[in-house]
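One structure is given below, encoded as structure tokens.
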There are 2 protein chains.
Amino acid sequence: MDKRIKKSKRAIEEALISLMAENDFIDITINSIAERADVNRGTIYLHYEDKFDLLEQCIEGKIQKLLNFCLPEGSGSYPSKSSLLRTFNYLEEHSFTFHILLTNKGVPTFRKKILNVMKAGMKEQLELNGINQNINKEILIQFLPSATISVIEWWIIESMPYSPEDITEQLWILLEQNHFVPK
Amino acid sequence: MDKRIKKSKRAIEEALISLMAENDFIDITINSIAERADVNRGTIYLHYEDKFDLLEQCIEGKIQKLLNFCLPEGSGSYPSKSSLLRTFNYLEEHSFTFHILLTNKGVPTFRKKILNVMKAGMKEQLELNGINQNINKEILIQFLPSATISVIEWWIIESMPYSPEDITEQLWILLEQNHFVPK
DNA sequence: TTTAATCTGTTCATTAATAAACAAAAGTGG
DNA sequence: CCACTTTTGTTTATTAATGAACAGATTAAA
């Protein structure tokens, strides 16, 4: 992709996040985004329908980067302790952004999207695993992703009261106890 | 000026400074500058003749910003304790850049340029002042700027061993003793 | 309610940045 | 020394960003 597009989109999305640290999304204007991003207002409309589309693309990008950075390992088998640790390290490094996306009013989208991604991934994983004969997968797939997300959400919002290593260890134990990964 | 030009030139000059923190100027290539600045190589030639012209413009810009930021006060009367303090605060804030420009091999230009600027300013000041009847101004104008620059240079290179307030106080006393400012 | 100010979304001509290609110069290693 | 790679400086056509202007929608103040 053209360098200019990358730079403009990054500047615009960074400006949005930055403004969301100060105001609720609904109160943020395209004008203020353009000003903070130091781009012409028209440039924003070149890449986004409106500010809602901007938020949408921004969130989508954050989720994609999270997945691309945290999932790929060896290749294939998704959940491992080390990939979980990598994820928490990434979350910690970008906690400023994730904190905003999780707490800014009028943006319930973010949590939902992550939840959906996690549901899909966990479902796939459960079907691959031969285990859990005596557990209702239907229910487990409602239970586990939601619980996991909540742990992550709590950890971020509470400013990461445990180290990535510790939180990984704890969550891993929970996943084991719930037959998501083989003991 | 067009936003794009500002951004490109800033990125390019920041890249140069950044690379000069790692290598001698003579070893830095246009390619590496373009890469670090994240601009097309051709963009550099759009604004600079070659890397020497780039260094020239970069240095000139730093000096201009230093002057514009540090001199203007009230208006007119140049040297005052507060303007001196403001200058040292600015130097401290940008010590990373000034340290590089003062120490990187093959860039004696920077010190010389500042010296010339200071000579001109001090000369003007001396001629405005009615004092110093019994002091040879010709000699004083060789003596003072050079001495002042050396203090500044030492202060930056030694990683600012005194606070801006302290160094201002000390230098001010020296200037007083040398009849540059009225006691 | 009317006025004024701000924000939105779109259009347009102009300008800057881009990728790609090129020949020539300068280094590099065998 | 000669092949080989890198760097330089320049050129091209293409594309993105810019500033400016505009009408209509919102919002705030008088």
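Naming works like this for the structure tokens: A, B, ... for the chains as they're shown, residue 1 at the start of each chain, ligands 1 onward in shown order.
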
Could you tell me which residues of chain A sit within 9 Å of chain C when counting only C-alpha atoms (C1' of nucleotides), and give me the result as a JSON list (two decimals) with all heavy atoms, in the first residue's frame?
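Listing of result_18.json after writing:
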[["chain", "number", "residue", "atom", "x", "y", "z"],
["A", 2, "ASP", "N", 0.38, 2.29, -0.59],
["A", 2, "ASP", "CA", 1.12, 3.55, -0.69],
["A", 2, "ASP", "C", 1.47, 4.09, 0.70],
["A", 2, "ASP", "O", 0.64, 4.09, 1.60],
["A", 2, "ASP", "CB", 0.24, 4.56, -1.45],
["A", 2, "ASP", "CG", 1.04, 5.74, -1.93],
["A", 2, "ASP", "OD1", 1.62, 6.43, -1.08],
["A", 2, "ASP", "OD2", 1.08, 5.96, -3.15],
["A", 3, "LYS", "N", 2.73, 4.51, 0.84],
["A", 3, "LYS", "CA", 3.18, 5.06, 2.12],
["A", 3, "LYS", "C", 2.23, 6.14, 2.63],
["A", 3, "LYS", "O", 1.94, 6.22, 3.83],
["A", 3, "LYS", "CB", 4.57, 5.70, 1.96],
["A", 3, "LYS", "CG", 5.74, 4.76, 2.03],
["A", 3, "LYS", "CD", 7.02, 5.57, 1.84],
["A", 3, "LYS", "CE", 8.23, 4.68, 1.58],
["A", 3, "LYS", "NZ", 8.55, 3.81, 2.71],
["A", 4, "ARG", "N", 1.77, 6.99, 1.72],
["A", 4, "ARG", "CA", 0.95, 8.13, 2.15],
["A", 4, "ARG", "C", -0.34, 7.67, 2.81],
["A", 4, "ARG", "O", -0.79, 8.25, 3.81],
["A", 4, "ARG", "CB", 0.64, 9.02, 0.94],
["A", 4, "ARG", "CG", 1.82, 9.76, 0.42],
["A", 4, "ARG", "CD", 1.51, 10.42, -0.91],
["A", 4, "ARG", "NE", 1.36, 9.45, -1.98],
["A", 4, "ARG", "CZ", 1.18, 9.78, -3.25],
["A", 4, "ARG", "NH1", 1.07, 11.05, -3.60],
["A", 4, "ARG", "NH2", 1.08, 8.85, -4.16],
["A", 29, "THR", "N", -15.64, 15.46, 17.10],
["A", 29, "THR", "CA", -16.00, 15.91, 15.75],
["A", 29, "THR", "C", -14.92, 15.53, 14.75],
["A", 29, "THR", "O", -13.75, 15.35, 15.10],
["A", 29, "THR", "CB", -16.18, 17.43, 15.71],
["A", 29, "THR", "OG1", -14.90, 18.04, 15.92],
["A", 29, "THR", "CG2", -17.15, 17.91, 16.76],
["A", 30, "ILE", "N", -15.35, 15.43, 13.50],
["A", 30, "ILE", "CA", -14.41, 15.17, 12.41],
["A", 30, "ILE", "C", -13.38, 16.29, 12.35],
["A", 30, "ILE", "O", -12.20, 16.05, 12.10],
["A", 30, "ILE", "CB", -15.18, 15.09, 11.07],
["A", 30, "ILE", "CG1", -16.07, 13.84, 11.04],
["A", 30, "ILE", "CG2", -14.21, 15.08, 9.90],
["A", 30, "ILE", "CD1", -15.37, 12.57, 10.65],
["A", 31, "ASN", "N", -13.83, 17.49, 12.58],
["A", 31, "ASN", "CA", -12.91, 18.63, 12.59],
["A", 31, "ASN", "C", -11.77, 18.43, 13.59],
["A", 31, "ASN", "O", -10.60, 18.61, 13.25],
["A", 31, "ASN", "CB", -13.66, 19.91, 12.96],
["A", 31, "ASN", "CG", -14.36, 20.50, 11.76],
["A", 31, "ASN", "OD1", -13.88, 20.40, 10.63],
["A", 31, "ASN", "ND2", -15.52, 21.10, 11.97],
["A", 45, "TYR", "N", -12.37, 11.83, 4.76],
["A", 45, "TYR", "CA", -13.46, 11.30, 3.95],
["A", 45, "TYR", "C", -12.94, 10.47, 2.78],
["A", 45, "TYR", "O", -13.69, 9.74, 2.15],
["A", 45, "TYR", "CB", -14.34, 12.44, 3.45],
["A", 45, "TYR", "CG", -15.12, 13.11, 4.55],
["A", 45, "TYR", "CD1", -14.74, 14.35, 5.04],
["A", 45, "TYR", "CD2", -16.23, 12.49, 5.11],
["A", 45, "TYR", "CE1", -15.46, 14.96, 6.06],
["A", 45, "TYR", "CE2", -16.95, 13.08, 6.13],
["A", 45, "TYR", "CZ", -16.56, 14.33, 6.60],
["A", 45, "TYR", "OH", -17.26, 14.92, 7.60],
["A", 50, "ASP", "N", -17.62, 8.11, 7.57],
["A", 50, "ASP", "CA", -17.89, 9.10, 8.60],
["A", 50, "ASP", "C", -17.18, 8.65, 9.86],
["A", 50, "ASP", "O", -16.41, 7.70, 9.84],
["A", 50, "ASP", "CB", -19.40, 9.25, 8.83],
["A", 50, "ASP", "CG", -20.06, 7.88, 8.99],
["A", 50, "ASP", "OD1", -19.41, 6.97, 9.53],
["A", 50, "ASP", "OD2", -21.21, 7.71, 8.55]]

Can you work out which residues from chain A touch chain B at a cut-off of 12 Å (counting only C-alpha atoms) and hand them back as a list in words? Asp2, Lys3, Arg4, Lys6, Lys7, Ser8, Ala11, Glu35, Ala37, Asp38, Val39, Asn40 and Thr43 of chain A

For Lys62 of chain B, list every protein, DNA or RNA residue within 10 Å, evaluated using only C-alpha atoms (C1' of nucleotides), and leave out those in the same chain fewer than 3 positions away; present the list as a list in words. Gln57, Cys58, Ile59, Lys65, Leu66, Leu67, Asn68, His94, Thr97, Phe98, Leu101 and Phe110 of chain B

Could you save those same residues with all heavy atoms as a compact mmCIF listing (two decimals), in the first residue's frame?
# COMPACT_ATOMS: atom_id res chain seq x y z
N GLN B 57 20.59 22.65 5.97
CA GLN B 57 19.25 23.15 6.25
C GLN B 57 18.78 22.73 7.64
O GLN B 57 18.10 23.47 8.35
CB GLN B 57 18.26 22.64 5.20
CG GLN B 57 18.40 23.29 3.84
CD GLN B 57 17.20 22.99 2.96
OE1 GLN B 57 16.05 23.02 3.40
NE2 GLN B 57 17.44 22.71 1.68
N CYS B 58 19.15 21.51 8.01
CA CYS B 58 18.76 21.00 9.32
C CYS B 58 19.35 21.87 10.42
O CYS B 58 18.64 22.33 11.32
CB CYS B 58 19.22 19.55 9.44
SG CYS B 58 18.73 18.76 10.98
N ILE B 59 20.64 22.11 10.33
CA ILE B 59 21.32 22.93 11.32
C ILE B 59 20.75 24.35 11.34
O ILE B 59 20.47 24.92 12.40
CB ILE B 59 22.84 22.98 11.02
CG1 ILE B 59 23.48 21.65 11.43
CG2 ILE B 59 23.51 24.15 11.72
CD1 ILE B 59 24.95 21.57 11.13
N LYS B 65 15.11 28.06 15.18
CA LYS B 65 14.13 27.76 16.22
C LYS B 65 14.65 28.17 17.58
O LYS B 65 13.91 28.70 18.41
CB LYS B 65 13.79 26.26 16.22
CG LYS B 65 12.79 25.88 15.12
CD LYS B 65 12.35 24.44 15.24
CE LYS B 65 11.49 24.17 16.47
NZ LYS B 65 10.99 22.78 16.53
N LEU B 66 15.93 27.93 17.80
CA LEU B 66 16.53 28.33 19.08
C LEU B 66 16.41 29.84 19.27
O LEU B 66 15.99 30.33 20.33
CB LEU B 66 18.01 27.91 19.10
CG LEU B 66 18.84 28.34 20.30
CD1 LEU B 66 18.38 27.61 21.56
CD2 LEU B 66 20.32 28.12 20.07
N LEU B 67 16.75 30.59 18.22
CA LEU B 67 16.69 32.05 18.32
C LEU B 67 15.26 32.54 18.49
O LEU B 67 14.97 33.37 19.35
CB LEU B 67 17.33 32.68 17.08
CG LEU B 67 18.83 32.45 16.93
CD1 LEU B 67 19.35 33.14 15.69
CD2 LEU B 67 19.59 32.94 18.17
N ASN B 68 14.38 32.04 17.64
CA ASN B 68 13.00 32.50 17.70
C ASN B 68 12.36 32.21 19.05
O ASN B 68 11.54 32.97 19.55
CB ASN B 68 12.16 31.82 16.60
CG ASN B 68 12.51 32.34 15.23
OD1 ASN B 68 13.05 33.44 15.11
ND2 ASN B 68 12.22 31.57 14.21
N HIS B 94 16.00 20.11 24.47
CA HIS B 94 16.43 19.55 23.18
C HIS B 94 17.87 19.08 23.25
O HIS B 94 18.57 19.06 22.24
CB HIS B 94 16.26 20.59 22.08
CG HIS B 94 14.85 21.03 21.89
ND1 HIS B 94 14.27 22.01 22.67
CD2 HIS B 94 13.88 20.62 21.04
CE1 HIS B 94 13.01 22.19 22.29
NE2 HIS B 94 12.75 21.36 21.31
N THR B 97 19.27 16.47 20.66
CA THR B 97 19.64 17.01 19.35
C THR B 97 20.92 17.83 19.42
O THR B 97 21.86 17.61 18.63
CB THR B 97 18.51 17.89 18.81
OG1 THR B 97 17.34 17.09 18.66
CG2 THR B 97 18.90 18.51 17.48
N PHE B 98 21.00 18.74 20.37
CA PHE B 98 22.17 19.62 20.42
C PHE B 98 23.43 18.84 20.75
O PHE B 98 24.51 19.14 20.23
CB PHE B 98 21.93 20.75 21.43
CG PHE B 98 20.97 21.78 20.94
CD1 PHE B 98 19.72 21.95 21.53
CD2 PHE B 98 21.30 22.58 19.84
CE1 PHE B 98 18.83 22.90 21.05
CE2 PHE B 98 20.41 23.54 19.37
CZ PHE B 98 19.17 23.69 19.97
N LEU B 101 24.58 17.35 17.49
CA LEU B 101 25.12 18.34 16.56
C LEU B 101 26.46 18.89 17.05
O LEU B 101 27.29 19.33 16.25
CB LEU B 101 24.11 19.47 16.34
CG LEU B 101 22.87 19.06 15.55
CD1 LEU B 101 21.87 20.20 15.46
CD2 LEU B 101 23.25 18.59 14.14
N PHE B 110 28.25 23.49 13.11
CA PHE B 110 27.21 23.88 14.07
C PHE B 110 27.74 24.87 15.10
O PHE B 110 27.18 25.94 15.31
CB PHE B 110 26.65 22.64 14.76
CG PHE B 110 25.46 22.93 15.61
CD1 PHE B 110 24.28 23.40 15.06
CD2 PHE B 110 25.51 22.73 16.99
CE1 PHE B 110 23.18 23.67 15.83
CE2 PHE B 110 24.41 23.00 17.77
CZ PHE B 110 23.25 23.48 17.19

Give me the residues near Leu85 of chain A as an mmCIF file with C-alpha atoms, in the first residue's frame, where near means some atom within 9 Å (using only C-alpha atoms (C1' of nucleotides)) and where sequence neighbours in that chain fewer than 3 positions away do not count.
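Output below, filename out11.cif:
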data_model
loop_
_atom_site.group_PDB
_atom_site.id
_atom_site.type_symbol
_atom_site.label_atom_id
_atom_site.label_comp_id
_atom_site.auth_asym_id
_atom_site.auth_seq_id
_atom_site.Cartn_x
_atom_site.Cartn_y
_atom_site.Cartn_z
ATOM 1 C CA CYS A 70 -0.619 -13.190 19.276
ATOM 2 C CA SER A 80 -0.835 -22.726 24.357
ATOM 3 C CA LYS A 81 0.552 -21.231 27.470
ATOM 4 C CA SER A 82 3.172 -19.309 25.547
ATOM 5 C CA PHE A 88 -1.000 -10.610 27.747
ATOM 6 C CA ASN A 89 2.347 -9.005 27.008
ATOM 7 C CA TYR A 90 0.857 -7.407 23.910
ATOM 8 C CA PRO A 164 1.563 -11.035 32.331
ATOM 9 C CA GLU A 165 3.300 -14.145 33.645
ATOM 10 C CA ILE A 167 -2.202 -13.678 34.925
ATOM 11 C CA THR A 168 -1.263 -16.214 32.244
ATOM 12 C CA GLU A 169 -0.594 -18.839 34.882
#

Residue list (alpha helix (DSSP H), DSSP) for segment 7-79 of chain A, as a VMD selection string: chain A and resid 7 to 20 30 to 37 41 to 47 51 to 70

Given a cut-off of 10 Å, which residues of chain D touch chain A, counting only C-alpha atoms (C1' of nucleotides), written out as an mmCIF file with N, CA, C and O atoms (P, O5', C5', C4', C3', O3' and C1' of nucleotides), in the first residue's frame?
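See out_9.cif below for the written result:
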data_model
loop_
_atom_site.group_PDB
_atom_site.id
_atom_site.type_symbol
_atom_site.label_atom_id
_atom_site.label_comp_id
_atom_site.auth_asym_id
_atom_site.auth_seq_id
_atom_site.Cartn_x
_atom_site.Cartn_y
_atom_site.Cartn_z
ATOM 1 P P DT D 15 -2.990 5.320 -10.985
ATOM 2 O "O5'" DT D 15 -2.844 5.946 -9.540
ATOM 3 C "C5'" DT D 15 -1.829 5.440 -8.675
ATOM 4 C "C4'" DT D 15 -1.764 6.293 -7.435
ATOM 5 C "C3'" DT D 15 -3.136 6.621 -6.841
ATOM 6 O "O3'" DT D 15 -3.051 6.409 -5.458
ATOM 7 C "C1'" DT D 15 -1.888 8.594 -7.131
ATOM 8 P P DA D 16 -4.399 6.387 -4.558
ATOM 9 O "O5'" DA D 16 -4.000 7.386 -3.393
ATOM 10 C "C5'" DA D 16 -2.704 7.278 -2.832
ATOM 11 C "C4'" DA D 16 -2.360 8.555 -2.113
ATOM 12 C "C3'" DA D 16 -3.450 9.050 -1.181
ATOM 13 O "O3'" DA D 16 -2.821 9.465 0.019
ATOM 14 C "C1'" DA D 16 -2.911 10.746 -2.748
ATOM 15 P P DA D 17 -3.709 10.033 1.213
ATOM 16 O "O5'" DA D 17 -3.368 11.580 1.117
ATOM 17 C "C5'" DA D 17 -2.024 11.986 1.321
ATOM 18 C "C4'" DA D 17 -1.954 13.500 1.293
ATOM 19 C "C3'" DA D 17 -2.943 14.179 2.238
ATOM 20 O "O3'" DA D 17 -2.241 15.180 2.965
ATOM 21 C "C1'" DA D 17 -3.252 14.953 0.009
ATOM 22 P P DT D 18 -3.034 16.146 3.943
ATOM 23 O "O5'" DT D 18 -3.235 17.398 3.009
ATOM 24 C "C5'" DT D 18 -2.083 18.063 2.509
ATOM 25 C "C4'" DT D 18 -2.498 19.222 1.640
ATOM 26 C "C3'" DT D 18 -3.496 20.154 2.315
ATOM 27 O "O3'" DT D 18 -2.817 21.323 2.738
ATOM 28 C "C1'" DT D 18 -4.064 19.684 0.025
ATOM 29 P P DG D 19 -3.491 22.231 3.825
ATOM 30 O "O5'" DG D 19 -4.261 23.286 2.920
ATOM 31 C "C5'" DG D 19 -3.534 24.033 1.960
ATOM 32 C "C4'" DG D 19 -4.504 24.791 1.061
ATOM 33 C "C3'" DG D 19 -5.515 25.663 1.811
ATOM 34 O "O3'" DG D 19 -5.607 26.903 1.125
ATOM 35 C "C1'" DG D 19 -6.659 24.145 0.410
#

Which residue is closest to Leu128 of chain B? Choose from B:Pro182, B:Lys9, B:Ile33, B:Ile156 and count only C-alpha atoms.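 Nearest candidate to Leu128 of chain B out of B:Pro182, B:Lys9, B:Ile33, B:Ile156: B:Pro182.
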
Residues at most 12 Å from Asn23 of chain A, counting only C-alpha atoms (C1' of nucleotides), excluding those fewer than 2 positions away in the same chain, as a compact mmCIF listing (two decimals) with all heavy atoms, in the first residue's frame?
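Saved to result.txt:
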# COMPACT_ATOMS: atom_id res chain seq x y z
N LEU A 16 -7.95 9.73 16.73
CA LEU A 16 -9.23 9.32 17.31
C LEU A 16 -9.03 8.71 18.70
O LEU A 16 -9.70 9.11 19.66
CB LEU A 16 -9.92 8.30 16.40
CG LEU A 16 -11.19 7.67 16.98
CD1 LEU A 16 -12.26 8.70 17.21
CD2 LEU A 16 -11.70 6.54 16.09
N ILE A 17 -8.10 7.79 18.82
CA ILE A 17 -7.83 7.16 20.12
C ILE A 17 -7.44 8.23 21.14
O ILE A 17 -7.93 8.26 22.27
CB ILE A 17 -6.70 6.11 19.99
CG1 ILE A 17 -7.13 4.97 19.08
CG2 ILE A 17 -6.29 5.60 21.37
CD1 ILE A 17 -8.12 4.03 19.70
N SER A 18 -6.56 9.11 20.71
CA SER A 18 -6.10 10.17 21.60
C SER A 18 -7.25 11.03 22.10
O SER A 18 -7.33 11.38 23.27
CB SER A 18 -5.06 11.01 20.86
OG SER A 18 -4.92 12.27 21.45
N LEU A 19 -8.17 11.37 21.20
CA LEU A 19 -9.32 12.18 21.59
C LEU A 19 -10.28 11.39 22.47
O LEU A 19 -10.93 11.96 23.35
CB LEU A 19 -10.04 12.71 20.35
CG LEU A 19 -9.29 13.82 19.60
CD1 LEU A 19 -9.91 14.07 18.23
CD2 LEU A 19 -9.31 15.11 20.42
N MET A 20 -10.36 10.09 22.23
CA MET A 20 -11.25 9.26 23.03
C MET A 20 -10.74 9.11 24.46
O MET A 20 -11.48 8.66 25.35
CB MET A 20 -11.44 7.88 22.38
CG MET A 20 -12.38 7.91 21.19
SD MET A 20 -12.48 6.32 20.35
CE MET A 20 -13.37 5.35 21.56
N ALA A 21 -9.48 9.45 24.68
CA ALA A 21 -8.96 9.44 26.04
C ALA A 21 -9.47 10.64 26.81
O ALA A 21 -9.43 10.67 28.03
CB ALA A 21 -7.44 9.43 26.02
N PHE A 25 -16.86 9.28 22.68
CA PHE A 25 -16.81 9.19 21.23
C PHE A 25 -17.86 10.08 20.57
O PHE A 25 -17.58 10.75 19.58
CB PHE A 25 -17.02 7.74 20.79
CG PHE A 25 -17.13 7.58 19.31
CD1 PHE A 25 -16.03 7.72 18.49
CD2 PHE A 25 -18.37 7.28 18.74
CE1 PHE A 25 -16.14 7.57 17.11
CE2 PHE A 25 -18.49 7.14 17.36
CZ PHE A 25 -17.37 7.28 16.56
N ILE A 26 -19.05 10.10 21.15
CA ILE A 26 -20.16 10.81 20.53
C ILE A 26 -19.87 12.31 20.42
O ILE A 26 -20.38 12.99 19.53
CB ILE A 26 -21.47 10.56 21.32
CG1 ILE A 26 -22.69 10.90 20.46
CG2 ILE A 26 -21.47 11.32 22.63
CD1 ILE A 26 -22.85 10.01 19.26
N ASP A 27 -19.04 12.83 21.30
CA ASP A 27 -18.77 14.27 21.32
C ASP A 27 -17.60 14.67 20.43
O ASP A 27 -17.27 15.85 20.32
CB ASP A 27 -18.48 14.72 22.75
CG ASP A 27 -19.69 14.50 23.66
OD1 ASP A 27 -20.81 14.70 23.17
OD2 ASP A 27 -19.49 14.13 24.84
N ILE A 28 -16.95 13.69 19.83
CA ILE A 28 -15.76 13.99 19.03
C ILE A 28 -16.18 14.36 17.61
O ILE A 28 -16.98 13.66 16.99
CB ILE A 28 -14.81 12.79 19.02
CG1 ILE A 28 -14.30 12.53 20.45
CG2 ILE A 28 -13.64 13.03 18.07
CD1 ILE A 28 -13.51 11.26 20.60
N THR A 29 -15.64 15.46 17.10
CA THR A 29 -16.00 15.91 15.75
C THR A 29 -14.92 15.53 14.75
O THR A 29 -13.75 15.35 15.10
CB THR A 29 -16.18 17.43 15.71
OG1 THR A 29 -14.90 18.04 15.92
CG2 THR A 29 -17.15 17.91 16.76
N SER A 32 -12.13 18.06 14.81
CA SER A 32 -11.10 17.91 15.83
C SER A 32 -10.16 16.75 15.51
O SER A 32 -8.96 16.82 15.79
CB SER A 32 -11.75 17.70 17.20
OG SER A 32 -12.44 16.47 17.25
N ILE A 33 -10.70 15.72 14.89
CA ILE A 33 -9.85 14.59 14.51
C ILE A 33 -8.83 15.03 13.47
O ILE A 33 -7.63 14.74 13.57
CB ILE A 33 -10.69 13.41 13.97
CG1 ILE A 33 -11.62 12.88 15.05
CG2 ILE A 33 -9.79 12.31 13.44
CD1 ILE A 33 -12.66 11.90 14.56
N ILE A 100 -8.89 2.45 26.63
CA ILE A 100 -9.82 3.42 26.04
C ILE A 100 -10.95 2.71 25.31
O ILE A 100 -12.13 3.02 25.50
CB ILE A 100 -9.08 4.37 25.08
CG1 ILE A 100 -8.16 5.29 25.88
CG2 ILE A 100 -10.06 5.16 24.23
CD1 ILE A 100 -7.20 6.06 25.04
N THR A 103 -13.44 1.19 27.70
CA THR A 103 -14.16 2.01 28.68
C THR A 103 -14.90 3.19 28.09
O THR A 103 -15.84 3.68 28.71
CB THR A 103 -13.18 2.55 29.74
OG1 THR A 103 -12.16 3.29 29.10
CG2 THR A 103 -12.57 1.41 30.54
N ASN A 104 -14.50 3.67 26.91
CA ASN A 104 -15.14 4.86 26.36
C ASN A 104 -16.63 4.60 26.11
O ASN A 104 -16.99 3.60 25.49
CB ASN A 104 -14.45 5.29 25.06
CG ASN A 104 -14.87 6.68 24.63
OD1 ASN A 104 -15.99 6.87 24.17
ND2 ASN A 104 -13.98 7.64 24.78
N LYS A 105 -17.45 5.51 26.59
CA LYS A 105 -18.90 5.35 26.46
C LYS A 105 -19.31 5.30 24.99
O LYS A 105 -18.77 6.00 24.16
CB LYS A 105 -19.62 6.50 27.16
CG LYS A 105 -19.66 6.32 28.67
CD LYS A 105 -20.30 7.54 29.35
CE LYS A 105 -20.12 7.42 30.86
NZ LYS A 105 -20.43 8.69 31.55
N GLY A 106 -20.29 4.53 24.72
CA GLY A 106 -20.80 4.46 23.36
C GLY A 106 -20.00 3.56 22.46
O GLY A 106 -20.13 3.61 21.25
